[in-house]
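The structure appears below as structure tokens.
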Amino acid sequence: MRKHFFTFLFVLISINLFAQANKATLLKSWPISITPLSIWDSDISASAGAEYRFHPSFAIRTAADYIYGDYNAESRKTSGIRLRQELRYYIAGNKLINSRAKAWPYISVALGNKWVNTKFSEWRYIYENNNYYQRWQSFHSHNREWYLMGRTGMQTAFGKQKRFLFDFSIGLGLSNNKISFSFPDGDDMRAEVTGNNDYVEASGNRYNGRFRAFNIEACFGYRLLK
């Protein structure tokens with residue numbers, strides 16, 4: 001009887017030590033992730049990021065985006081970078097991180113800055129000498145933006161030791177744009193450009209002011225363990 005008791009006690013201690021070891025590796029892991037396509041208002045981007053799970057329920061994440069285009073109809077070319085930081089709270093993280101669960105829901109707060117230049121090319125109507133004609137012109141906008149966003153998402157872990165992950169999230173918040181322009185031939189087209197209300201719902205990289213910020217992101221990643 002005593003032999004069986006000590007055997008049972010040994011099994012319990014072994015399970016507990018294994019759980020503690022598993023908890024330590026997950027907490028001190030660094031999930032490295034990439035996003036081939038991320039939609040941010042009128043921009044599209046690719047990004048790379050890293051997360052640190054310093055607590056069963058809390059993590060910090062930082063990422064850098066390369067912005068390379070948008071979905072508006074006009075001819076344009078966009079390029080720039082976005083830097084962002086995020087504080088995550090994993091719902092029921094203390095229960096889920098060491099359980100068999102492979103899906104971890106979370107909410108978070110994100111803060112970031114964007115520096116992007118856009119080249120707009122469009123037909124411009126010109127009235128001169130009692131005649132109207134069109135001229136194909138290009139101008140540049142320079143957007144310096146910061147944003148604050150609330151996010152909700154789900155991180156799914158799979159594979160041996162939950163090393164691989166898929167992360168899907170949606171964010172909504174506010175952005176503040178500060179725009180400057182470079183116009184051709186010294187023309188001042190600011191009133192014409194900013195008077196176009198077709199794109200006022202999105203930042204469009206051409207309007208000063210405060211706007212709603214919206215983001216959908218899907219990340220694929222690999223968890224670095226000790």
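Identifiers in the structure tokens: chain A, B, ... in order shown; residue index from 1 per chain; ligand index from 1 in order shown.
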Q | DSSP-assigned strand (DSSP E or B) members of region 78-214 of chain A, reported as a ChimeraX atom specification | A | /A:78-90,103-128,131-158,164-182,209-214
(Q) Give me the residues near Tyr222 (chain A) as JSON, numbers by chain, where near means some atom within 6 Å (using only C-alpha atoms) and where sequence neighbours in that chain fewer than 5 positions away do not count. (A) {"A": [31, 32, 163, 164]}
Using all heavy atoms, can you export the residues from the last selection as a compact mmCIF listing (two decimals), in the first residue's frame?
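File written: selection_21.txt
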```
# COMPACT_ATOMS: atom_id res chain seq x y z
N PRO A 31 6.94 34.77 -30.06
CA PRO A 31 6.29 34.49 -31.34
C PRO A 31 6.69 35.53 -32.39
O PRO A 31 6.42 36.72 -32.24
CB PRO A 31 4.79 34.59 -31.01
CG PRO A 31 4.70 34.49 -29.53
CD PRO A 31 5.96 35.09 -29.02
N ILE A 32 7.36 35.07 -33.44
CA ILE A 32 7.75 35.93 -34.56
C ILE A 32 6.74 35.71 -35.68
O ILE A 32 6.47 34.57 -36.06
CB ILE A 32 9.17 35.60 -35.06
CG1 ILE A 32 10.16 35.61 -33.89
CG2 ILE A 32 9.60 36.56 -36.14
CD1 ILE A 32 10.29 36.94 -33.20
N ARG A 163 4.44 25.53 -31.38
CA ARG A 163 5.43 26.44 -31.96
C ARG A 163 4.85 27.30 -33.08
O ARG A 163 5.26 28.45 -33.27
CB ARG A 163 6.64 25.67 -32.48
CG ARG A 163 7.59 25.21 -31.37
CD ARG A 163 8.83 24.55 -31.96
NE ARG A 163 9.78 24.16 -30.94
CZ ARG A 163 10.75 24.95 -30.46
NH1 ARG A 163 10.87 26.17 -30.92
NH2 ARG A 163 11.58 24.50 -29.55
N PHE A 164 3.92 26.76 -33.85
CA PHE A 164 3.38 27.51 -34.98
C PHE A 164 2.08 28.22 -34.56
O PHE A 164 1.36 27.74 -33.68
CB PHE A 164 3.10 26.56 -36.15
CG PHE A 164 4.34 25.94 -36.71
CD1 PHE A 164 4.76 24.69 -36.26
CD2 PHE A 164 5.10 26.59 -37.67
CE1 PHE A 164 5.91 24.11 -36.77
CE2 PHE A 164 6.25 26.02 -38.18
CZ PHE A 164 6.66 24.78 -37.73
```
**Q.** Coordinates-based distance that separates CA of Arg88 (chain A) from CA of Met154 (chain A) (Å, one decimal)
**A.**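 A separation of 11.1 Å between them.
Comparing the minimum interatomic distances between Phe158 (chain A) and each of A:Val109, A:Pro56, A:Asn215, A:Ala103, counting only C-alpha atoms, we find that A:Ala103 sits nearest.
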Q: Choose the residue, out of A:Gly173, A:Gly221, A:Pro105, A:Gly112, that has the smallest atom-to-atom separation from Thr152 (chain A); count only C-alpha atoms.
A: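 Smallest distance to Thr152 (chain A) is found for A:Pro105.
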Q. Near Tyr133 (chain A), within 10 Å and counting only C-alpha atoms, which residues show up once chain neighbours fewer than 4 positions away are dropped, as a PyMOL selection string?
A. chain A and resi 123-128
Kindly save the residues from that selection, with N, CA, C and O atoms included, as a PDB file, in the first residue's frame.
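This went into selection.pdb:
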```
ATOM      1  N   TRP A 123      -6.229  63.129 -64.492  1.00  0.00           N
ATOM      2  CA  TRP A 123      -6.553  64.136 -65.488  1.00  0.00           C
ATOM      3  C   TRP A 123      -7.121  65.357 -64.776  1.00  0.00           C
ATOM      4  O   TRP A 123      -8.038  65.249 -63.957  1.00  0.00           O
ATOM      5  N   ARG A 124      -6.584  66.507 -65.110  1.00  0.00           N
ATOM      6  CA  ARG A 124      -7.038  67.750 -64.488  1.00  0.00           C
ATOM      7  C   ARG A 124      -7.650  68.650 -65.565  1.00  0.00           C
ATOM      8  O   ARG A 124      -7.041  68.892 -66.616  1.00  0.00           O
ATOM      9  N   TYR A 125      -8.870  69.130 -65.300  1.00  0.00           N
ATOM     10  CA  TYR A 125      -9.536  70.050 -66.222  1.00  0.00           C
ATOM     11  C   TYR A 125      -8.983  71.457 -66.022  1.00  0.00           C
ATOM     12  O   TYR A 125      -8.923  71.965 -64.902  1.00  0.00           O
ATOM     13  N   ILE A 126      -8.589  72.084 -67.135  1.00  0.00           N
ATOM     14  CA  ILE A 126      -7.988  73.418 -67.090  1.00  0.00           C
ATOM     15  C   ILE A 126      -8.749  74.340 -68.038  1.00  0.00           C
ATOM     16  O   ILE A 126      -9.047  73.967 -69.186  1.00  0.00           O
ATOM     17  N   TYR A 127      -9.078  75.511 -67.548  1.00  0.00           N
ATOM     18  CA  TYR A 127      -9.749  76.524 -68.377  1.00  0.00           C
ATOM     19  C   TYR A 127      -8.742  77.617 -68.699  1.00  0.00           C
ATOM     20  O   TYR A 127      -8.186  78.241 -67.813  1.00  0.00           O
ATOM     21  N   GLU A 128      -8.517  77.833 -69.979  1.00  0.00           N
ATOM     22  CA  GLU A 128      -7.515  78.803 -70.404  1.00  0.00           C
ATOM     23  C   GLU A 128      -7.899  79.362 -71.762  1.00  0.00           C
ATOM     24  O   GLU A 128      -8.240  78.621 -72.683  1.00  0.00           O
TER      25      GLU A 128
END
```
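Between Phe183 (chain A) and the candidates A:Phe139, A:Arg100, A:Asn129, A:Asn117, the tightest atom-to-atom separation, counting only C-alpha atoms, involves A:Phe139.
Excluding Asn205 (chain A) and any residue on its chain fewer than 2 positions from it, the residues at most 10 Å away by only C-alpha atoms are Asp41, Ser42, Asp43, Asp70, Thr78, Val116, Asn117, Thr118, Lys119, His140, Ser141, His142, Asn143, Arg144, Glu145, Asn177, Lys178, Ile179, Ser180, Tyr199, Ala202, Ser203, Tyr207 and Asn208 of chain A.
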Q. Skipping near chain neighbours, those fewer than 6 positions away, what residues fall within 8 Å of Glu86 (chain A) using only C-alpha atoms, listed as a list in words?
A.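 Here the qualifying residues turn out to be Ile60, Arg61, Thr62, Ser108, Val109, Ala110 and Leu111 of chain A.
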Got time to write the residues from that selection, N, CA, C and O atoms, as a short mmCIF file (atom, residue, chain, number, x, y, z; two decimals), in the first residue's frame?
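Once written, result-v9.cif looks like this:
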```cif
data_model
loop_
_atom_site.label_atom_id
_atom_site.label_comp_id
_atom_site.auth_asym_id
_atom_site.auth_seq_id
_atom_site.Cartn_x
_atom_site.Cartn_y
_atom_site.Cartn_z
N ILE A 60 3.18 41.89 -24.82
CA ILE A 60 3.45 43.10 -25.60
C ILE A 60 3.89 42.66 -26.99
O ILE A 60 4.54 41.63 -27.16
N ARG A 61 3.51 43.45 -28.00
CA ARG A 61 3.86 43.13 -29.38
C ARG A 61 4.29 44.40 -30.09
O ARG A 61 3.70 45.46 -29.91
N THR A 62 5.33 44.28 -30.88
CA THR A 62 5.78 45.39 -31.71
C THR A 62 5.90 44.91 -33.15
O THR A 62 6.22 43.74 -33.39
N SER A 108 -6.90 44.13 -27.06
CA SER A 108 -5.64 44.86 -26.93
C SER A 108 -5.83 46.34 -27.25
O SER A 108 -6.86 46.75 -27.81
N VAL A 109 -4.82 47.11 -26.89
CA VAL A 109 -4.73 48.53 -27.23
C VAL A 109 -3.46 48.72 -28.05
O VAL A 109 -2.38 48.24 -27.66
N ALA A 110 -3.58 49.40 -29.20
CA ALA A 110 -2.43 49.58 -30.10
C ALA A 110 -2.21 51.06 -30.38
O ALA A 110 -3.17 51.83 -30.53
N LEU A 111 -0.95 51.45 -30.44
CA LEU A 111 -0.55 52.82 -30.73
C LEU A 111 0.53 52.77 -31.80
O LEU A 111 1.41 51.90 -31.76
#
```
Q) Using the chain letters and numbers from this document, which residues of region 64-146 of chain A does DSSP assign to helix (DSSP H, G or I), as a list in words? A)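 Everything in region 64-146 of chain A that counts as helix (DSSP H, G or I) is Gly93, Asn94, Lys95 and Leu96 of chain A.
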Just write the chosen residues, N, CA, C and O atoms, as an mmCIF file, in the first residue's frame.
```
data_model
loop_
_atom_site.group_PDB
_atom_site.id
_atom_site.type_symbol
_atom_site.label_atom_id
_atom_site.label_comp_id
_atom_site.auth_asym_id
_atom_site.auth_seq_id
_atom_site.Cartn_x
_atom_site.Cartn_y
_atom_site.Cartn_z
ATOM 1 N N GLY A 93 -6.394 33.783 -19.904
ATOM 2 C CA GLY A 93 -5.055 33.333 -20.278
ATOM 3 C C GLY A 93 -4.411 32.418 -19.255
ATOM 4 O O GLY A 93 -3.694 31.486 -19.618
ATOM 5 N N ASN A 94 -4.674 32.654 -17.974
ATOM 6 C CA ASN A 94 -4.061 31.837 -16.934
ATOM 7 C C ASN A 94 -4.534 30.385 -17.013
ATOM 8 O O ASN A 94 -3.802 29.454 -16.702
ATOM 9 N N LYS A 95 -5.788 30.184 -17.468
ATOM 10 C CA LYS A 95 -6.326 28.834 -17.603
ATOM 11 C C LYS A 95 -5.928 28.195 -18.928
ATOM 12 O O LYS A 95 -5.688 26.987 -19.001
ATOM 13 N N LEU A 96 -5.848 29.006 -19.971
ATOM 14 C CA LEU A 96 -5.675 28.451 -21.313
ATOM 15 C C LEU A 96 -4.228 28.179 -21.699
ATOM 16 O O LEU A 96 -3.953 27.280 -22.483
#
```
Q) Between A:Leu26, A:Ile107, A:Leu165, A:Leu225, which has the minimum distance to Ile91 (chain A) (counting only C-alpha atoms)? A)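 When distances to Ile91 (chain A) are compared using only C-alpha atoms, the smallest one comes from A:Ile107.
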(Q) Taking 4 positions as the minimum chain separation for residues in the same chain, which residues sit within 8 Å of Ser175 (chain A) when counting only C-alpha atoms? Answer as an MDAnalysis selection string. (A) chainID A and resid 145:148 210:213
With C-alpha atoms retained, export the selected residues as a JSON list (two decimals), in the first residue's frame.
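So the final result, stored in result_0.json, reads:
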```json
[["chain", "number", "residue", "atom", "x", "y", "z"],
["A", 145, "GLU", "CA", 0.02, 60.04, -39.02],
["A", 146, "TRP", "CA", -0.45, 58.66, -35.53],
["A", 147, "TYR", "CA", -3.28, 56.42, -34.40],
["A", 148, "LEU", "CA", -4.83, 54.83, -31.30],
["A", 210, "ARG", "CA", -8.91, 63.12, -37.49],
["A", 211, "PHE", "CA", -10.44, 60.02, -39.04],
["A", 212, "ARG", "CA", -11.72, 56.60, -38.11],
["A", 213, "ALA", "CA", -8.96, 53.99, -38.32]]
```
(Q) Using only C-alpha atoms for the distances, tell me which of A:Leu87, A:Ala157, A:Ala218, A:Leu27 is nearest to Ala59 (chain A). (A)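 Closest residue, counting only C-alpha atoms: A:Leu87.
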Q: Using CA of Trp136 (chain A) and CA of Asp185 (chain A) as the two end points, give the distance in Å to one decimal.
A: 13.1 Å
